[in-house]
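Quick notes on the structure that follows.
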Amino acid sequence: MLNKSLRKQKRFFIDRIAKFCDKCGSPYHLSDVQVIQEKGSSTIIHFSCRNCKSSNVASLVSPMGFTTRIPLNSDLTVDEFPKFASGDIISLDDVLEVYICFEDSKGCVKI
Ligand SMILES: [Zn+2]
């Protein structure tokens with residue numbers, strides 16, 4: 001069960017950042033959105049498509065409302081994010097580094 005504020009927050013992310021999957025155009029649902037990290041004014045959000053399984057990582061910097069979206073074509077699941085999101089600050093560059101490491105199936109020493 002999602003609490004109300006989290007539902008509201010996820011609805012906002014969907015409305016603001018990505019209503020539909022880039023690849024197949026399926027609409028995102030609240031349960032497809034995971035907040036990976038919230039730090040100060042920046043939030044990192046993971047979108048996963050239930051239809052084609054493609055993933056996007058987005059960052060939202062408020063109050064400017066600046067957003068960045070990066071598609072992830074990997075088997076990295078949202079469950080794996082907390083492993084490297086538990087550090088101090090994670091940037092999108094970090095996400096990409098980890099992603100690249102997983103793609104190579106060599107692990108990543110930076111975690
Ligand atoms: Zn899709």
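Just so we're on the same page: first chain in the structure tokens is A, next is B, and so on; residues restart at 1 for each chain, and ligands are numbered from 1 in the order they show up.
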
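Omitting A:Arg16 and its sequence neighbours fewer than 4 positions away, and counting only C-alpha atoms, the residues within 12 Å are Lys8, Gln9, Lys10, Arg11, Phe12, Phe20, Ile45, Ala58, Ser59, Leu60, Val61, Ser62, Gly65, Phe66, Thr67, Thr68 and Arg69 of chain A.
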
Task: Surrounding residues as a PyMOL selection string, ligand 1, max 8 Å, only C-alpha atoms and all ligand atoms - done: chain A and resi 20-26+48-54

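Proximity of A:Leu30, A:Ile44, A:Ile70, A:Lys39 to A:Asn3, computed with only C-alpha atoms, is greatest for A:Leu30.
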